[in-house]
file upload.cif (mmCIF, C-alpha atoms)
data_final
#
loop_
_atom_site.group_PDB
_atom_site.id
_atom_site.type_symbol
_atom_site.label_atom_id
_atom_site.label_comp_id
_atom_site.auth_asym_id
_atom_site.auth_seq_id
_atom_site.Cartn_x
_atom_site.Cartn_y
_atom_site.Cartn_z
ATOM 1 C CA MET A 589 15.687 11.008 4.144
ATOM 2 C CA GLN A 590 17.449 14.366 3.946
ATOM 3 C CA GLY A 591 15.139 15.970 6.487
ATOM 4 C CA ALA A 592 14.105 12.860 8.444
ATOM 5 C CA THR A 593 14.752 12.775 12.169
ATOM 6 C CA ASP A 594 13.711 11.053 15.422
ATOM 7 C CA MET A 595 13.339 7.415 14.357
ATOM 8 C CA LEU A 596 10.358 5.731 16.025
ATOM 9 C CA LYS A 597 9.944 1.944 16.171
ATOM 10 C CA ASP A 598 6.274 0.937 16.244
ATOM 11 C CA ILE A 599 6.936 -2.800 16.526
ATOM 12 C CA VAL A 600 5.154 -5.542 18.454
ATOM 13 C CA GLU A 601 6.078 -9.195 18.895
ATOM 14 C CA GLY A 602 3.431 -11.609 17.660
ATOM 15 C CA GLU A 603 3.114 -15.358 17.329
ATOM 16 C CA ASP A 604 4.707 -15.219 13.880
ATOM 17 C CA GLY A 605 7.451 -12.746 14.805
ATOM 18 C CA PRO A 606 7.756 -8.957 14.929
ATOM 19 C CA ARG A 607 5.228 -6.836 13.066
ATOM 20 C CA GLY A 608 5.001 -3.110 12.656
ATOM 21 C CA PHE A 609 6.469 -0.005 11.094
ATOM 22 C CA LEU A 610 9.365 2.412 11.266
ATOM 23 C CA GLU A 611 8.453 6.068 11.430
ATOM 24 C CA SER A 612 10.543 9.188 11.116
ATOM 25 C CA LYS A 613 9.502 12.818 11.392
ATOM 26 C CA VAL A 614 10.132 15.024 8.373
ATOM 27 C CA THR A 615 10.076 18.817 8.501
ATOM 28 C CA ARG A 616 11.002 19.501 4.883
ATOM 29 C CA SER A 617 9.632 17.966 1.705
ATOM 30 C CA LYS A 618 9.006 18.896 -1.909
ATOM 31 C CA THR A 619 5.300 19.432 -1.164
ATOM 32 C CA SER A 620 5.981 21.852 1.710
ATOM 33 C CA TYR A 621 5.343 25.097 -0.151
ATOM 34 C CA ASN A 622 4.266 27.300 2.746
ATOM 35 C CA LEU A 623 5.616 28.114 6.196
ATOM 36 C CA GLU A 624 2.993 26.072 8.039
ATOM 37 C CA ARG A 625 3.876 22.885 6.190
ATOM 38 C CA LYS A 626 7.604 23.536 6.394
ATOM 39 C CA THR A 627 7.397 23.732 10.190
ATOM 40 C CA ARG A 628 4.850 20.940 10.635
ATOM 41 C CA TYR A 629 6.014 17.357 11.082
ATOM 42 C CA LEU A 630 5.149 14.905 8.336
ATOM 43 C CA ALA A 631 5.308 11.243 9.377
ATOM 44 C CA MET A 632 7.236 9.081 6.909
ATOM 45 C CA VAL A 633 6.383 5.435 7.588
ATOM 46 C CA CYS A 634 7.411 2.070 6.136
ATOM 47 C CA PRO A 635 6.618 -1.584 6.990
ATOM 48 C CA ILE A 636 9.433 -3.529 8.638
ATOM 49 C CA TRP A 637 8.923 -6.483 6.281
ATOM 50 C CA GLY A 638 9.873 -6.573 2.626
ATOM 51 C CA LEU A 639 10.056 -9.427 0.148
ATOM 52 C CA GLU A 640 12.652 -11.568 1.946
ATOM 53 C CA ALA A 641 12.142 -14.153 4.675
ATOM 54 C CA ASP A 642 13.827 -11.923 7.275
ATOM 55 C CA SER A 643 12.804 -8.423 8.309
ATOM 56 C CA TRP A 644 15.036 -5.911 6.550
ATOM 57 C CA ALA A 645 14.238 -3.268 9.171
ATOM 58 C CA MET A 646 15.299 -5.340 12.184
ATOM 59 C CA GLU A 647 18.640 -6.107 10.523
ATOM 60 C CA TRP A 648 19.069 -2.479 9.465
ATOM 61 C CA LEU A 649 18.370 -1.201 12.980
ATOM 62 C CA GLU A 650 20.908 -3.617 14.440
ATOM 63 C CA LEU A 651 23.620 -2.529 11.998
ATOM 64 C CA ALA A 652 22.797 1.140 12.505
ATOM 65 C CA GLY A 653 23.128 0.679 16.250
ATOM 66 C CA LYS A 654 26.630 -0.720 15.793
ATOM 67 C CA HIS A 655 27.965 1.522 13.046
ATOM 68 C CA GLY A 656 25.811 4.654 13.119
ATOM 69 C CA PRO A 657 24.678 7.152 12.147
ATOM 70 C CA ASP A 658 23.206 8.762 15.243
ATOM 71 C CA TRP A 659 19.568 9.832 15.002
ATOM 72 C CA GLY A 660 17.989 12.739 16.787
ATOM 73 C CA PRO A 661 16.573 16.254 16.398
ATOM 74 C CA ASP A 662 17.966 18.053 13.343
ATOM 75 C CA LEU A 663 20.028 15.005 12.331
ATOM 76 C CA PRO A 664 19.403 13.377 8.922
ATOM 77 C CA MET A 665 18.467 9.730 8.687
ATOM 78 C CA LEU A 666 21.172 9.109 6.079
ATOM 79 C CA PRO A 667 24.052 11.600 6.285
ATOM 80 C CA SER A 668 26.948 11.686 3.869
ATOM 81 C CA PRO A 669 29.827 9.327 4.732
ATOM 82 C CA THR A 670 33.423 10.461 5.163
ATOM 83 C CA ASP A 671 36.518 8.908 3.636
ATOM 84 C CA GLY A 672 37.398 7.464 7.037
ATOM 85 C CA GLY A 673 34.168 5.503 7.318
ATOM 86 C CA ARG A 674 32.412 7.930 9.652
ATOM 87 C CA TRP A 675 29.382 10.152 9.150
ATOM 88 C CA GLN A 676 29.062 13.841 8.395
ATOM 89 C CA ALA A 677 26.387 16.075 9.876
ATOM 90 C CA ALA A 678 25.132 17.053 6.416
ATOM 91 C CA PRO A 679 22.457 14.929 4.717
ATOM 92 C CA MET A 680 23.281 12.928 1.616
ATOM 93 C CA SER A 681 22.149 14.519 -1.642
ATOM 94 C CA ALA A 682 19.569 12.826 -3.849
ATOM 95 C CA GLN A 683 22.212 12.312 -6.548
ATOM 96 C CA ALA A 684 24.658 10.667 -4.124
ATOM 97 C CA GLY A 685 21.881 8.509 -2.689
ATOM 98 C CA ALA A 686 20.940 7.304 -6.173
ATOM 99 C CA ARG A 687 24.566 6.400 -6.942
ATOM 100 C CA TRP A 688 24.817 4.512 -3.656
ATOM 101 C CA LEU A 689 21.585 2.625 -4.401
ATOM 102 C CA ARG A 690 22.757 1.613 -7.874
ATOM 103 C CA HIS A 691 26.129 0.502 -6.506
ATOM 104 C CA LEU A 692 24.417 -1.769 -3.963
ATOM 105 C CA LEU A 693 22.287 -3.302 -6.714
ATOM 106 C CA TYR A 694 25.352 -3.837 -8.908
ATOM 107 C CA ARG A 695 27.076 -5.640 -6.043
ATOM 108 C CA ALA A 696 23.977 -7.801 -5.565
ATOM 109 C CA GLY A 697 24.317 -9.007 -9.165
ATOM 110 C CA GLU A 698 21.517 -7.034 -10.787
ATOM 111 C CA ASP A 699 21.704 -6.293 -14.518
ATOM 112 C CA VAL A 700 23.593 -3.062 -15.195
ATOM 113 C CA ALA A 701 21.240 -1.956 -17.974
ATOM 114 C CA ALA A 702 18.196 -2.381 -15.731
ATOM 115 C CA VAL A 703 19.771 -0.555 -12.800
ATOM 116 C CA LYS A 704 21.448 2.456 -14.387
ATOM 117 C CA SER A 705 18.204 4.431 -14.782
ATOM 118 C CA LEU A 706 17.061 3.894 -11.179
ATOM 119 C CA GLY A 707 17.026 6.587 -8.520
ATOM 120 C CA THR A 708 15.812 6.914 -4.962
ATOM 121 C CA HIS A 709 12.359 7.941 -6.215
ATOM 122 C CA SER A 710 12.117 4.615 -8.092
ATOM 123 C CA LEU A 711 11.483 2.783 -4.811
ATOM 124 C CA LYS A 712 8.379 4.835 -4.078
ATOM 125 C CA ALA A 713 7.181 4.680 -7.690
ATOM 126 C CA THR A 714 7.469 0.877 -7.725
ATOM 127 C CA LEU A 715 5.292 0.406 -4.650
ATOM 128 C CA LEU A 716 2.673 2.857 -5.922
ATOM 129 C CA SER A 717 2.586 1.005 -9.241
ATOM 130 C CA TRP A 718 2.145 -2.307 -7.437
ATOM 131 C CA MET A 719 -0.660 -0.840 -5.337
ATOM 132 C CA ALA A 720 -2.474 0.286 -8.494
ATOM 133 C CA LYS A 721 -2.213 -3.223 -9.930
ATOM 134 C CA TRP A 722 -3.301 -4.645 -6.574
ATOM 135 C CA GLY A 723 -6.519 -2.662 -6.907
ATOM 136 C CA ALA A 724 -5.943 -0.033 -4.224
ATOM 137 C CA SER A 725 -8.193 2.985 -4.536
ATOM 138 C CA ARG A 726 -6.925 6.323 -5.806
ATOM 139 C CA GLU A 727 -7.415 7.744 -2.303
ATOM 140 C CA VAL A 728 -5.215 5.063 -0.714
ATOM 141 C CA ARG A 729 -2.490 5.599 -3.303
ATOM 142 C CA ALA A 730 -2.660 9.370 -2.796
ATOM 143 C CA VAL A 731 -2.110 8.925 0.936
ATOM 144 C CA LEU A 732 0.818 6.552 0.371
ATOM 145 C CA GLY A 733 2.301 9.010 -2.103
ATOM 146 C CA TYR A 734 1.865 11.887 0.383
ATOM 147 C CA ARG A 735 -0.517 13.731 -1.904
ATOM 148 C CA SER A 736 -3.827 15.270 -0.878
ATOM 149 C CA SER A 737 -6.426 17.243 -2.771
ATOM 150 C CA ALA A 738 -7.298 20.770 -1.744
ATOM 151 C CA SER A 739 -10.803 19.674 -0.779
ATOM 152 C CA ARG A 740 -9.545 17.016 1.639
ATOM 153 C CA GLY A 741 -6.811 19.133 3.190
ATOM 154 C CA SER A 742 -3.310 18.347 4.369
ATOM 155 C CA GLU A 743 -4.538 16.554 7.505
ATOM 156 C CA VAL A 744 -5.000 13.454 5.341
ATOM 157 C CA VAL A 745 -1.250 12.922 5.072
ATOM 158 C CA TYR A 746 -0.153 14.741 8.240
ATOM 159 C CA GLY A 747 -2.417 12.809 10.629
ATOM 160 C CA ARG A 748 -0.989 9.461 11.754
ATOM 161 C CA ASP A 749 -4.406 7.848 12.234
ATOM 162 C CA ASN A 750 -5.479 8.933 8.755
ATOM 163 C CA VAL A 751 -2.669 7.023 7.042
ATOM 164 C CA ALA A 752 -3.088 3.813 9.093
ATOM 165 C CA PRO A 753 -5.629 2.110 6.755
ATOM 166 C CA ALA A 754 -3.436 2.793 3.719
ATOM 167 C CA LEU A 755 -0.378 1.393 5.510
ATOM 168 C CA ARG A 756 -2.241 -1.794 6.417
ATOM 169 C CA GLU A 757 -3.223 -2.273 2.784
ATOM 170 C CA LEU A 758 0.371 -1.639 1.678
ATOM 171 C CA GLU A 759 1.614 -4.214 4.198
ATOM 172 C CA GLU A 760 -0.925 -6.758 2.942
ATOM 173 C CA MET A 761 0.129 -6.186 -0.672
ATOM 174 C CA ILE A 762 3.839 -6.596 0.110
ATOM 175 C CA GLY A 763 3.084 -9.786 2.050
ATOM 176 C CA SER A 764 1.155 -11.193 -0.908
ATOM 177 C CA VAL A 765 4.126 -10.544 -3.204
ATOM 178 C CA ALA A 766 6.522 -12.122 -0.694
ATOM 179 C CA HIS A 767 4.335 -15.224 -0.313
ATOM 180 C CA ARG A 768 3.804 -15.505 -4.074
ATOM 181 C CA ARG A 769 0.096 -14.795 -4.062
ATOM 182 C CA PHE A 770 0.410 -11.590 -6.092
ATOM 183 C CA PHE A 771 2.684 -11.151 -9.128
ATOM 184 C CA PRO A 772 2.718 -7.442 -10.092
ATOM 185 C CA ASP A 773 5.055 -7.961 -13.060
ATOM 186 C CA SER A 774 2.812 -10.583 -14.687
ATOM 187 C CA THR A 775 0.054 -10.001 -17.203
ATOM 188 C CA ARG A 776 -3.307 -8.862 -15.854
ATOM 189 C CA SER A 777 -4.701 -12.388 -15.957
ATOM 190 C CA GLY A 778 -1.731 -13.824 -14.069
ATOM 191 C CA MET A 779 -1.196 -11.276 -11.303
ATOM 192 C CA PHE A 780 -3.265 -13.165 -8.747
ATOM 193 C CA SER A 781 -2.473 -16.854 -8.651
ATOM 194 C CA GLU A 782 -3.980 -19.727 -6.750
ATOM 195 C CA THR A 783 -2.260 -23.087 -6.551
ATOM 196 C CA LEU A 784 -3.368 -26.077 -8.575
ATOM 197 C CA ALA A 785 -4.003 -27.934 -5.326
ATOM 198 C CA ALA A 786 -6.396 -25.202 -4.194
ATOM 199 C CA ARG A 787 -8.262 -25.328 -7.511
ATOM 200 C CA LYS A 788 -8.556 -29.119 -7.268
ATOM 201 C CA LYS A 789 -9.835 -28.824 -3.699
ATOM 202 C CA ASP A 790 -12.471 -26.288 -4.741
ATOM 203 C CA SER A 791 -13.546 -28.583 -7.572
ATOM 204 C CA ALA A 792 -13.789 -31.557 -5.214
ATOM 205 C CA ASP A 793 -15.828 -29.538 -2.719
ATOM 206 C CA CYS A 794 -18.284 -28.612 -5.476
ATOM 207 C CA GLU A 795 -18.658 -32.280 -6.445
ATOM 208 C CA ASP A 796 -19.249 -33.270 -2.812
ATOM 209 C CA ILE A 797 -21.978 -30.672 -2.466
ATOM 210 C CA SER A 798 -23.790 -31.774 -5.621
ATOM 211 C CA ASP A 799 -23.581 -35.451 -4.641
ATOM 212 C CA SER A 800 -24.751 -34.935 -1.065
ATOM 213 C CA SER A 801 -28.006 -33.179 -1.953
ATOM 214 C CA SER A 802 -30.451 -34.805 -4.368
ATOM 215 C CA ASP A 803 -32.795 -31.818 -4.489
ATOM 216 C CA ARG A 804 -30.072 -29.208 -5.096
ATOM 217 C CA SER A 805 -30.197 -29.658 -8.887
ATOM 218 C CA ALA A 806 -33.921 -29.034 -8.927
ATOM 219 C CA ASP A 807 -33.401 -25.835 -6.975
ATOM 220 C CA GLU A 808 -30.787 -24.649 -9.480
ATOM 221 C CA GLU A 809 -33.122 -25.284 -12.444
ATOM 222 C CA GLU A 810 -35.672 -22.906 -10.905
ATOM 223 C CA PRO A 811 -33.548 -20.684 -8.638
ATOM 224 C CA ASP A 812 -35.254 -18.696 -5.932
ATOM 225 C CA GLY A 813 -34.220 -15.096 -6.480
ATOM 226 C CA GLY A 814 -35.820 -13.840 -3.299
ATOM 227 C CA GLU A 815 -32.549 -13.342 -1.415
ATOM 228 C CA GLU A 816 -30.932 -11.475 -4.314
ATOM 229 C CA GLU A 817 -33.980 -9.238 -4.743
ATOM 230 C CA LYS A 818 -34.041 -8.461 -1.027
ATOM 231 C CA ALA A 819 -30.335 -7.561 -1.064
ATOM 232 C CA VAL A 820 -30.902 -5.159 -3.953
ATOM 233 C CA GLU A 821 -33.870 -3.549 -2.220
ATOM 234 C CA ASP A 822 -31.962 -3.228 1.063
ATOM 235 C CA SER A 823 -28.997 -1.572 -0.610
ATOM 236 C CA GLY A 824 -30.817 0.682 -3.046
ATOM 237 C CA GLY A 825 -34.371 0.966 -1.808
ATOM 238 C CA VAL A 826 -37.374 1.713 -3.983
ATOM 239 C CA PHE A 827 -36.627 4.372 -6.589
ATOM 240 C CA GLU A 828 -38.399 7.680 -6.164
ATOM 241 C CA PRO A 829 -37.807 10.804 -8.283
ATOM 242 C CA SER A 830 -36.621 14.076 -6.802
ATOM 243 C CA GLU A 831 -39.107 15.995 -4.673
ATOM 244 C CA GLY A 832 -41.721 17.736 -6.817
ATOM 245 C CA LEU A 833 -40.715 15.954 -10.023
ATOM 246 C CA ARG A 834 -43.568 13.450 -9.941
ATOM 247 C CA GLU A 835 -46.206 16.237 -9.683
ATOM 248 C CA GLY A 836 -44.560 18.135 -12.546
ATOM 249 C CA LEU A 837 -44.838 15.099 -14.816
ATOM 250 C CA ASP A 838 -48.611 14.694 -14.432
ATOM 251 C CA GLY A 839 -50.274 14.523 -17.832
ATOM 252 C CA PHE A 840 -47.161 13.338 -19.667
ATOM 253 C CA CYS A 841 -46.749 9.867 -21.151
ATOM 254 C CA ILE A 842 -43.931 8.093 -19.312
ATOM 255 C CA LEU A 843 -42.440 4.807 -20.545
ATOM 256 C CA SER A 844 -42.891 2.212 -17.829
ATOM 257 C CA VAL A 845 -40.664 -0.860 -17.701
#
call {"tool": "encode", "arguments": {"input": "upload.cif", "output": "structure tokens"}}
result
Amino acid sequence: MQGATDMLKDIVEGEDGPRGFLESKVTRSKTSYNLERKTRYLAMVCPIWGLEADSWAMEWLELAGKHGPDWGPDLPMLPSPTDGGRWQAAPMSAQAGARWLRHLLYRAGEDVAAVKSLGTHSLKATLLSWMAKWGASREVRAVLGYRSSASRGSEVVYGRDNVAPALRELEEMIGSVAHRRFFPDSTRSGMFSETLAARKKDSADCEDISDSSSDRSADEEEPDGGEEEKAVEDSGGVFEPSEGLREGLDGFCILSV
């Protein structure tokens, strides 16, 4: 947020309301350790929906339009405020941003003991932790955390199209938390929850299937594994050793299963 500039709204109106992301260009970050990266734009993106019924981003954009700050080239997304309620040209420090965040949480009624250790980095860490519990791959979490391995190169996090799949998965995870389908703070067995009504419906469907087919039980007693065997063969194929290995093993006793 200190080096963010040029806010871009990638938002479309759908049948269920606005969907999309906010994007800001960043020219400086902790991972920019050489001149190329320091002068190359890094896209910082976030979904416009959070955990509440209303879009936080749409409300935030409306308030920012009325009260500032102004956004543009070389202007920070969140500058330091003045005593008179206006905005400075200098970006807010990480320490001041953390104090502001904690103050907002205090005013919202959050527990003081739980809030006092939080900082601006806590927001990112929370989402990455939720994504790990959600089952997101290490690669997806690395992209969301703006990390890339040397073998994959920096284009993974600098290219907009490269981060799109990870953003869609992040949006899906947040939506599942908001709609109470995913509980990241629960135990492992209780993170994903289905309603009792859904379980009863599944049970009833199973009973209907067993009652409607008199020969289904006979099929289950002697299941036909042909489809499963074909799927395994299609995915793995017939095993063959490396080229030349079979000829080198001639004359040796090989255990056959």
call {"tool": "closest_residue", "arguments": {"input": "upload.cif", "among": "A:Leu639, A:Val614, A:Ala701, A:Leu706", "to": "A:Glu760", "atoms": "only C-alpha atoms"}}
result
A:Leu639
call {"tool": "residues_around", "arguments": {"input": "upload.cif", "residues": "A:Gly656", "least_positions_apart": "4", "cutoff": "8 Å", "atoms": "only C-alpha atoms", "output": "MDAnalysis selection string"}}
result
chainID A and resid 651:652 675
call {"tool": "resolve_selection", "arguments": {"input": "upload.cif", "expression": "the PyMOL selection byres ((chain A and resi 759) around 10)", "output": "short mmCIF file (atom, residue, chain, number, x, y, z; two decimals) with C-alpha atoms, in the frame of the given file"}}
result
data_model
loop_
_atom_site.label_atom_id
_atom_site.label_comp_id
_atom_site.auth_asym_id
_atom_site.auth_seq_id
_atom_site.Cartn_x
_atom_site.Cartn_y
_atom_site.Cartn_z
CA ARG A 607 5.23 -6.84 13.07
CA GLY A 608 5.00 -3.11 12.66
CA PHE A 609 6.47 0.00 11.09
CA CYS A 634 7.41 2.07 6.14
CA PRO A 635 6.62 -1.58 6.99
CA ILE A 636 9.43 -3.53 8.64
CA TRP A 637 8.92 -6.48 6.28
CA GLY A 638 9.87 -6.57 2.63
CA PRO A 753 -5.63 2.11 6.76
CA ALA A 754 -3.44 2.79 3.72
CA LEU A 755 -0.38 1.39 5.51
CA ARG A 756 -2.24 -1.79 6.42
CA GLU A 757 -3.22 -2.27 2.78
CA LEU A 758 0.37 -1.64 1.68
CA GLU A 760 -0.92 -6.76 2.94
CA MET A 761 0.13 -6.19 -0.67
CA ILE A 762 3.84 -6.60 0.11
CA GLY A 763 3.08 -9.79 2.05
CA SER A 764 1.16 -11.19 -0.91
#
call {"tool": "atom_distance", "arguments": {"input": "upload.cif", "atom1": "atom CA of A:Glu650", "atom2": "atom CA of A:Leu692"}}
result
18.8 Å
call {"tool": "atom_distance", "arguments": {"input": "upload.cif", "atom1": "atom CA of A:Ala730", "atom2": "atom CA of A:Ala631"}}
result
14.7 Å
call {"tool": "atom_distance", "arguments": {"input": "upload.cif", "atom1": "atom CA of A:Met632", "atom2": "atom CA of A:Ala677"}}
result
20.6 Å
call {"tool": "resolve_selection", "arguments": {"input": "upload.cif", "expression": "the PyMOL selection byres ((chain A and resi 780) around 8)", "output": "list in words"}}
result
Arg769, Phe770, Phe771, Ser777, Gly778, Met779, Ser781 and Glu782 of chain A
call {"tool": "resolve_selection", "arguments": {"input": "upload.cif", "expression": "the PyMOL selection byres ((chain A and resi 600-604) around 12)", "output": "ChimeraX atom specification"}}
result
/A:597-599,605-610,636,641-643,646
